[in-house]
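J.: What follows is upload32.tsv, made up of TSV, C-alpha atoms:
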```
chain	number	residue	atom	x	y	z
A	129	MET	CA	35.27	-85.07	-119.11
A	130	PRO	CA	34.99	-81.45	-120.27
A	131	GLU	CA	33.73	-80.63	-123.74
A	132	PRO	CA	36.65	-80.49	-126.18
A	133	GLY	CA	37.80	-77.16	-127.53
A	134	ILE	CA	37.30	-77.28	-131.28
A	135	ILE	CA	39.73	-75.63	-133.65
A	136	ASP	CA	38.09	-75.42	-137.05
A	137	ILE	CA	40.12	-74.91	-140.23
A	138	ARG	CA	38.78	-74.60	-143.78
A	139	ILE	CA	41.25	-75.14	-146.58
A	140	THR	CA	40.93	-75.41	-150.34
A	141	ASP	CA	43.87	-77.80	-150.71
A	142	ILE	CA	45.47	-80.08	-148.10
A	143	ARG	CA	48.90	-78.80	-149.16
A	144	GLN	CA	47.98	-75.48	-147.52
A	145	LEU	CA	48.59	-77.07	-144.13
A	146	PHE	CA	52.20	-78.00	-144.78
A	147	ASN	CA	55.42	-76.23	-145.64
A	148	SER	CA	55.76	-76.57	-149.40
A	149	LEU	CA	59.58	-76.36	-149.23
A	150	ASP	CA	59.91	-79.32	-146.84
A	151	PRO	CA	61.08	-82.36	-148.87
A	152	SER	CA	60.18	-84.87	-146.13
A	153	PRO	CA	57.52	-87.54	-146.64
A	154	PHE	CA	54.03	-86.21	-146.04
A	155	HIS	CA	53.59	-87.66	-142.52
A	156	GLU	CA	56.87	-86.02	-141.40
A	157	ARG	CA	56.46	-82.60	-142.97
A	158	ASP	CA	56.50	-79.33	-141.09
A	159	LEU	CA	53.27	-77.43	-140.80
A	160	ASP	CA	53.00	-74.20	-142.71
A	161	ARG	CA	54.01	-71.33	-140.39
A	162	GLU	CA	50.64	-69.60	-140.71
A	163	ALA	CA	48.74	-72.85	-140.13
A	164	GLU	CA	50.82	-73.53	-137.02
A	165	GLU	CA	50.26	-70.01	-135.68
A	166	PHE	CA	46.53	-70.36	-136.26
A	167	ILE	CA	46.30	-73.74	-134.50
A	168	VAL	CA	48.56	-72.76	-131.59
A	169	GLY	CA	46.81	-69.40	-131.18
A	170	TRP	CA	43.39	-71.03	-130.96
A	171	ALA	CA	44.65	-73.82	-128.70
A	172	ASP	CA	46.05	-71.22	-126.33
A	173	GLU	CA	42.55	-69.75	-125.96
A	174	PHE	CA	41.21	-72.94	-124.34
A	175	PRO	CA	41.86	-73.95	-120.73
A	176	VAL	CA	44.91	-76.18	-120.29
A	177	GLN	CA	42.90	-79.08	-118.87
A	178	SER	CA	40.28	-79.15	-121.64
A	179	PRO	CA	40.87	-81.59	-124.52
A	180	LEU	CA	41.26	-80.27	-128.04
A	181	GLU	CA	39.96	-81.38	-131.39
A	182	LEU	CA	41.20	-80.09	-134.72
A	183	VAL	CA	38.56	-80.18	-137.45
A	184	ILE	CA	39.97	-79.73	-140.94
A	185	ARG	CA	37.40	-79.03	-143.64
A	186	VAL	CA	38.52	-79.81	-147.18
A	187	PRO	CA	36.65	-79.72	-150.51
A	188	ARG	CA	34.60	-82.88	-151.06
A	189	GLU	CA	36.76	-83.97	-154.03
A	190	GLN	CA	39.88	-83.97	-151.79
A	191	LEU	CA	38.38	-85.86	-148.87
A	192	ASP	CA	39.65	-89.29	-149.93
A	193	GLN	CA	43.12	-87.94	-150.63
A	194	ALA	CA	43.16	-86.14	-147.26
A	195	ARG	CA	42.18	-89.29	-145.38
A	196	GLN	CA	44.76	-91.40	-147.25
A	197	SER	CA	47.47	-88.80	-146.52
A	198	ASN	CA	47.03	-89.39	-142.80
A	199	ILE	CA	47.00	-85.73	-141.90
A	200	ALA	CA	46.39	-86.57	-138.23
A	201	GLU	CA	49.68	-88.48	-137.99
A	202	ALA	CA	51.55	-85.63	-139.70
A	203	ILE	CA	50.09	-83.06	-137.29
A	204	HIS	CA	50.79	-85.26	-134.25
A	205	ASN	CA	54.39	-85.85	-135.44
A	206	TYR	CA	54.94	-82.15	-135.97
A	207	PHE	CA	53.70	-81.07	-132.54
A	208	SER	CA	55.56	-83.96	-130.86
A	209	TYR	CA	58.74	-82.70	-132.49
A	210	ARG	CA	57.98	-79.13	-131.36
A	211	ALA	CA	57.43	-80.36	-127.77
A	212	VAL	CA	60.81	-82.13	-127.77
A	213	ALA	CA	62.50	-79.05	-129.28
A	214	THR	CA	60.95	-76.89	-126.56
A	215	THR	CA	62.29	-79.20	-123.85
A	216	ARG	CA	65.76	-78.87	-125.39
A	217	ARG	CA	65.36	-75.10	-125.46
A	218	ILE	CA	64.47	-74.98	-121.76
A	219	ARG	CA	67.51	-77.14	-120.93
A	220	PHE	CA	69.70	-74.80	-122.99
A	221	GLN	CA	68.26	-71.71	-121.27
A	222	LEU	CA	68.83	-73.18	-117.81
A	223	ARG	CA	72.40	-74.17	-118.75
A	224	GLU	CA	72.96	-70.64	-120.04
A	225	GLY	CA	71.43	-69.34	-116.81
A	226	ARG	CA	73.84	-71.39	-114.67
A	227	PHE	CA	76.82	-70.05	-116.63
A	228	ALA	CA	75.49	-66.48	-116.43
A	229	LEU	CA	74.87	-66.92	-112.70
A	230	ALA	CA	78.44	-68.11	-112.12
A	231	MET	CA	79.80	-65.15	-114.10
A	232	GLY	CA	77.45	-62.71	-112.38
A	233	LEU	CA	78.34	-63.95	-108.88
A	234	ALA	CA	82.07	-63.78	-109.67
A	235	PHE	CA	81.67	-60.24	-111.00
A	236	LEU	CA	79.58	-59.26	-107.97
A	237	ALA	CA	82.27	-60.64	-105.65
A	238	VAL	CA	84.95	-58.65	-107.50
A	239	CYS	CA	82.80	-55.51	-107.26
A	240	ILE	CA	82.32	-56.03	-103.52
A	241	LEU	CA	86.07	-56.53	-103.04
A	242	LEU	CA	86.82	-53.41	-105.10
A	243	ARG	CA	84.20	-51.57	-103.06
A	244	GLN	CA	86.06	-52.44	-99.86
A	245	LEU	CA	89.33	-51.42	-101.47
A	246	ALA	CA	87.83	-48.14	-102.73
A	247	GLY	CA	86.89	-47.35	-99.13
A	248	SER	CA	90.51	-47.30	-98.13
A	249	ILE	CA	92.05	-45.74	-101.27
A	250	ALA	CA	89.63	-43.11	-102.57
A	251	PRO	CA	89.49	-39.64	-101.03
A	252	PRO	CA	86.39	-39.07	-98.84
A	253	PRO	CA	84.23	-37.12	-101.32
A	254	PHE	CA	84.62	-39.83	-103.99
A	255	GLN	CA	84.71	-42.79	-101.64
A	256	GLN	CA	80.93	-43.18	-101.32
A	257	VAL	CA	80.36	-42.58	-105.06
A	258	PHE	CA	82.86	-45.35	-105.98
A	259	GLN	CA	81.53	-47.71	-103.35
A	260	GLU	CA	77.88	-47.30	-104.34
A	261	GLY	CA	78.73	-47.37	-108.05
A	262	LEU	CA	80.61	-50.66	-107.68
A	263	LEU	CA	77.76	-52.19	-105.66
A	264	ILE	CA	75.19	-51.16	-108.26
A	265	LEU	CA	77.43	-52.42	-111.08
A	266	GLY	CA	77.77	-55.80	-109.33
A	267	TRP	CA	74.01	-56.16	-108.92
A	268	VAL	CA	73.36	-55.09	-112.51
A	269	ALA	CA	75.61	-57.98	-113.58
A	270	MET	CA	73.12	-60.28	-111.84
A	271	TRP	CA	70.22	-58.99	-113.95
A	272	ARG	CA	70.52	-61.50	-116.81
A	273	PRO	CA	70.94	-64.64	-114.67
A	274	LEU	CA	67.97	-63.64	-112.55
A	275	GLN	CA	65.91	-62.88	-115.66
A	276	LEU	CA	66.77	-66.31	-117.11
A	277	PHE	CA	65.90	-68.20	-113.92
A	278	LEU	CA	62.85	-66.20	-112.89
A	279	TYR	CA	61.09	-65.21	-116.10
A	280	ASP	CA	62.44	-66.32	-119.49
A	281	TRP	CA	61.73	-70.04	-119.21
A	282	TRP	CA	58.03	-69.75	-118.27
A	283	PRO	CA	56.72	-68.91	-121.76
A	284	VAL	CA	58.86	-71.67	-123.27
A	285	ARG	CA	57.50	-74.16	-120.73
A	286	HIS	CA	53.94	-73.02	-121.50
A	287	HIS	CA	54.48	-73.60	-125.23
A	288	GLY	CA	56.00	-77.01	-124.52
A	289	ARG	CA	52.89	-78.03	-122.61
A	290	LEU	CA	50.70	-76.66	-125.38
A	291	TYR	CA	52.66	-78.58	-128.05
A	292	ARG	CA	52.34	-81.82	-126.04
A	293	LYS	CA	48.60	-81.22	-125.80
A	294	LEU	CA	48.39	-80.54	-129.54
A	295	ALA	CA	50.42	-83.69	-130.27
A	296	GLY	CA	47.67	-85.75	-128.65
A	297	MET	CA	44.58	-83.92	-129.87
A	298	LYS	CA	41.95	-85.58	-131.98
A	299	VAL	CA	42.16	-84.61	-135.67
A	300	THR	CA	39.10	-84.97	-137.87
A	301	VAL	CA	38.96	-84.36	-141.63
A	302	LEU	CA	35.54	-83.47	-143.04
A	303	ALA	CA	34.23	-82.43	-146.44
A	304	VAL	CA	32.96	-78.89	-146.91
```
Will you turn the file into structure tokens for me?
T.:
Amino acid sequence: MPEPGIIDIRITDIRQLFNSLDPSPFHERDLDREAEEFIVGWADEFPVQSPLELVIRVPREQLDQARQSNIAEAIHNYFSYRAVATTRRIRFQLREGRFALAMGLAFLAVCILLRQLAGSIAPPPFQQVFQEGLLILGWVAMWRPLQLFLYDWWPVRHHGRLYRKLAGMKVTVLAV
């Protein structure tokens, strides 16, 4: 098994890790935005297949409180929730993509039909301009569906995998 990637955090108070406005019980609280960005940013630096370990260093006088607070469970719960939310986001994006694709294909079909009609109605100097303009307009309407299906979901999927990995990482609390 490869050596785990270690993410090392030093804090002066365990409350620094969590969102102070979240009224949930400690083991269900959201991570502080900056703490999450730090952890996710460092986790993203390690290869996907390597295990991770989060080492949280607290002042010696807070070590007992930190261990009793079950910080590991809170962090695992948070990243599990983020992984589930990311899966929902991908499903939403793909549903949006299917709708956009249906609309784009319908608009493209209308543009192609109008292009054929423009060939028989428009005077010769304008005929080609209208035809090419309608064809380009139809393909431009396909831009968003293609962007959704080809590119937009990859970063979301990557973050989902990263959150699942973080939800299962080892969390160790040590005294400074």
J.: Nearest residue to Asp160 (chain A) out of A:Gly225, A:Tyr206, A:Pro187, A:Ile135, using all atoms listed in the file?
T.: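 Smallest separation from Asp160 (chain A) among the options: A:Tyr206.
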J.: One decimal, in Å: what's the spacing between CA of Ala228 (chain A) and CA of Thr215 (chain A)?
T.: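 That distance, rounded to one decimal, is 19.8 Å.
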J.: Restricting the calculation to all atoms listed in the file: of A:Thr140, A:Phe207, A:Ile199, A:Ile134, which residue gets closest to Lys293 (chain A)?
T.: A:Phe207
J.: To one decimal place, how far is CA of Arg185 (chain A) from CA of Val299 (chain A) in Å?
T.: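 Pair CA of Arg185 (chain A) / CA of Val299 (chain A) returns 10.8 Å.
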J.: Which residues of region 183-255 of chain A sit at most 10 Å from region 268-292 of chain A, using only C-alpha atoms? Give each one's shortest atom pair and distance in Å (one decimal place), in chain and ascending residue order, as JSON lines.
T.:
```
{"residue": "A:His204", "atom": "CA", "partner": "A:Arg292", "partner_atom": "CA", "distance": 9.0}
{"residue": "A:Tyr206", "atom": "CA", "partner": "A:Tyr291", "partner_atom": "CA", "distance": 9.0}
{"residue": "A:Phe207", "atom": "CA", "partner": "A:Tyr291", "partner_atom": "CA", "distance": 5.2}
{"residue": "A:Ser208", "atom": "CA", "partner": "A:Arg292", "partner_atom": "CA", "distance": 6.2}
{"residue": "A:Tyr209", "atom": "CA", "partner": "A:Tyr291", "partner_atom": "CA", "distance": 8.6}
{"residue": "A:Arg210", "atom": "CA", "partner": "A:Tyr291", "partner_atom": "CA", "distance": 6.3}
{"residue": "A:Ala211", "atom": "CA", "partner": "A:Gly288", "partner_atom": "CA", "distance": 4.9}
{"residue": "A:Val212", "atom": "CA", "partner": "A:Gly288", "partner_atom": "CA", "distance": 7.7}
{"residue": "A:Ala213", "atom": "CA", "partner": "A:Gly288", "partner_atom": "CA", "distance": 8.3}
{"residue": "A:Thr214", "atom": "CA", "partner": "A:Gly288", "partner_atom": "CA", "distance": 5.4}
{"residue": "A:Thr215", "atom": "CA", "partner": "A:Gly288", "partner_atom": "CA", "distance": 6.7}
{"residue": "A:Arg216", "atom": "CA", "partner": "A:Gly288", "partner_atom": "CA", "distance": 10.0}
{"residue": "A:Arg217", "atom": "CA", "partner": "A:Val284", "partner_atom": "CA", "distance": 7.7}
{"residue": "A:Ile218", "atom": "CA", "partner": "A:Trp281", "partner_atom": "CA", "distance": 6.2}
{"residue": "A:Arg219", "atom": "CA", "partner": "A:Trp281", "partner_atom": "CA", "distance": 9.3}
{"residue": "A:Gln221", "atom": "CA", "partner": "A:Leu276", "partner_atom": "CA", "distance": 7.0}
{"residue": "A:Leu222", "atom": "CA", "partner": "A:Phe277", "partner_atom": "CA", "distance": 7.0}
{"residue": "A:Arg223", "atom": "CA", "partner": "A:Leu276", "partner_atom": "CA", "distance": 9.8}
{"residue": "A:Glu224", "atom": "CA", "partner": "A:Leu276", "partner_atom": "CA", "distance": 8.1}
{"residue": "A:Gly225", "atom": "CA", "partner": "A:Pro273", "partner_atom": "CA", "distance": 5.2}
{"residue": "A:Arg226", "atom": "CA", "partner": "A:Pro273", "partner_atom": "CA", "distance": 7.3}
{"residue": "A:Phe227", "atom": "CA", "partner": "A:Pro273", "partner_atom": "CA", "distance": 8.2}
{"residue": "A:Ala228", "atom": "CA", "partner": "A:Pro273", "partner_atom": "CA", "distance": 5.2}
{"residue": "A:Leu229", "atom": "CA", "partner": "A:Pro273", "partner_atom": "CA", "distance": 5.0}
{"residue": "A:Ala230", "atom": "CA", "partner": "A:Pro273", "partner_atom": "CA", "distance": 8.6}
{"residue": "A:Met231", "atom": "CA", "partner": "A:Ala269", "partner_atom": "CA", "distance": 8.3}
{"residue": "A:Gly232", "atom": "CA", "partner": "A:Met270", "partner_atom": "CA", "distance": 5.0}
{"residue": "A:Leu233", "atom": "CA", "partner": "A:Met270", "partner_atom": "CA", "distance": 7.0}
{"residue": "A:Ala234", "atom": "CA", "partner": "A:Ala269", "partner_atom": "CA", "distance": 9.5}
{"residue": "A:Phe235", "atom": "CA", "partner": "A:Ala269", "partner_atom": "CA", "distance": 7.0}
{"residue": "A:Leu236", "atom": "CA", "partner": "A:Ala269", "partner_atom": "CA", "distance": 7.0}
{"residue": "A:Cys239", "atom": "CA", "partner": "A:Ala269", "partner_atom": "CA", "distance": 9.9}
```
J.: Neighbours of Val238 (chain A) within 10 Å (only C-alpha atoms; same-chain residues fewer than 5 positions away dropped), as a PyMOL selection string?
T.: chain A and resi 232-233+243-244+262-263+266
J.: I need the chosen residues saved as a PDB file, in the coordinates of the input, with C-alpha atoms.
T.:
```
ATOM      1  CA  GLY A 232      77.450 -62.710-112.380  1.00  0.00           C
ATOM      2  CA  LEU A 233      78.340 -63.950-108.880  1.00  0.00           C
ATOM      3  CA  ARG A 243      84.200 -51.570-103.060  1.00  0.00           C
ATOM      4  CA  GLN A 244      86.060 -52.440 -99.860  1.00  0.00           C
ATOM      5  CA  LEU A 262      80.610 -50.660-107.680  1.00  0.00           C
ATOM      6  CA  LEU A 263      77.760 -52.190-105.660  1.00  0.00           C
ATOM      7  CA  GLY A 266      77.770 -55.800-109.330  1.00  0.00           C
TER       8      GLY A 266
END
```
J.: How big is the axis-aligned box, and where does its centre sit, when it encloses all atoms of region 131-147 of chain A listed in the file and has 6 Å added on every side, reported in Å to one decimal as AutoDock Vina command-line options?
T.:
```
--center_x 44.6 --center_y -77.6 --center_z -137.2 --size_x 33.7 --size_y 18.0 --size_z 39.0
```
J.: How many Å separate CA of Asn205 (chain A) from CA of Val183 (chain A)?
T.: 16.9 Å
J.: Taking all atoms listed in the file into account, name the residue in A:Ile264, A:Ile142, A:Leu159, A:Leu242 that is nearest to Ser197 (chain A).
T.: A:Ile142
J.: Excluding Gln255 (chain A) and its own-chain neighbours fewer than 6 positions away, which residues fall within 9 Å of it when counting all atoms listed in the file? Please give them as a compact mmCIF listing (two decimals) with C-alpha atoms, keeping the file's coordinate frame.
T.:
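Resulting contents of around.txt:
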```txt
# COMPACT_ATOMS: atom_id res chain seq x y z
CA ARG A 243 84.20 -51.57 -103.06
CA ALA A 246 87.83 -48.14 -102.73
CA GLY A 247 86.89 -47.35 -99.13
CA SER A 248 90.51 -47.30 -98.13
CA ILE A 249 92.05 -45.74 -101.27
```
J.: Might you pull out every residue within 12 Å of Ile137 (chain A), with all atoms listed in the file counted and same-chain residues fewer than 3 positions away left off, and present them as a ChimeraX atom specification?
T.: /A:134,140-142,144-145,162-164,166-167,170,181-187,299-304
J.: Put those residues in a file: C-alpha atoms, as a PDB file, in the coordinates of the input.
T.:
```
ATOM      1  CA  ILE A 134      37.300 -77.280-131.280  1.00  0.00           C
ATOM      2  CA  THR A 140      40.930 -75.410-150.340  1.00  0.00           C
ATOM      3  CA  ASP A 141      43.870 -77.800-150.710  1.00  0.00           C
ATOM      4  CA  ILE A 142      45.470 -80.080-148.100  1.00  0.00           C
ATOM      5  CA  GLN A 144      47.980 -75.480-147.520  1.00  0.00           C
ATOM      6  CA  LEU A 145      48.590 -77.070-144.130  1.00  0.00           C
ATOM      7  CA  GLU A 162      50.640 -69.600-140.710  1.00  0.00           C
ATOM      8  CA  ALA A 163      48.740 -72.850-140.130  1.00  0.00           C
ATOM      9  CA  GLU A 164      50.820 -73.530-137.020  1.00  0.00           C
ATOM     10  CA  PHE A 166      46.530 -70.360-136.260  1.00  0.00           C
ATOM     11  CA  ILE A 167      46.300 -73.740-134.500  1.00  0.00           C
ATOM     12  CA  TRP A 170      43.390 -71.030-130.960  1.00  0.00           C
ATOM     13  CA  GLU A 181      39.960 -81.380-131.390  1.00  0.00           C
ATOM     14  CA  LEU A 182      41.200 -80.090-134.720  1.00  0.00           C
ATOM     15  CA  VAL A 183      38.560 -80.180-137.450  1.00  0.00           C
ATOM     16  CA  ILE A 184      39.970 -79.730-140.940  1.00  0.00           C
ATOM     17  CA  ARG A 185      37.400 -79.030-143.640  1.00  0.00           C
ATOM     18  CA  VAL A 186      38.520 -79.810-147.180  1.00  0.00           C
ATOM     19  CA  PRO A 187      36.650 -79.720-150.510  1.00  0.00           C
ATOM     20  CA  VAL A 299      42.160 -84.610-135.670  1.00  0.00           C
ATOM     21  CA  THR A 300      39.100 -84.970-137.870  1.00  0.00           C
ATOM     22  CA  VAL A 301      38.960 -84.360-141.630  1.00  0.00           C
ATOM     23  CA  LEU A 302      35.540 -83.470-143.040  1.00  0.00           C
ATOM     24  CA  ALA A 303      34.230 -82.430-146.440  1.00  0.00           C
ATOM     25  CA  VAL A 304      32.960 -78.890-146.910  1.00  0.00           C
TER      26      VAL A 304
END
```
J.: Using all atoms listed in the file, which of A:Asn198, A:Gly133, A:Ile203, A:Pro175 sits nearest Gly296 (chain A)?
T.: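 Ranking A:Asn198, A:Gly133, A:Ile203, A:Pro175 by distance to Gly296 (chain A), first place goes to A:Ile203.
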J.: When you count all atoms listed in the file, which of these residues is closest to Trp267 (chain A): A:Gln190, A:Glu165, A:Ile240, A:Phe174?
T.: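 Residue with the minimum atom-to-atom distance to Trp267 (chain A): A:Ile240.
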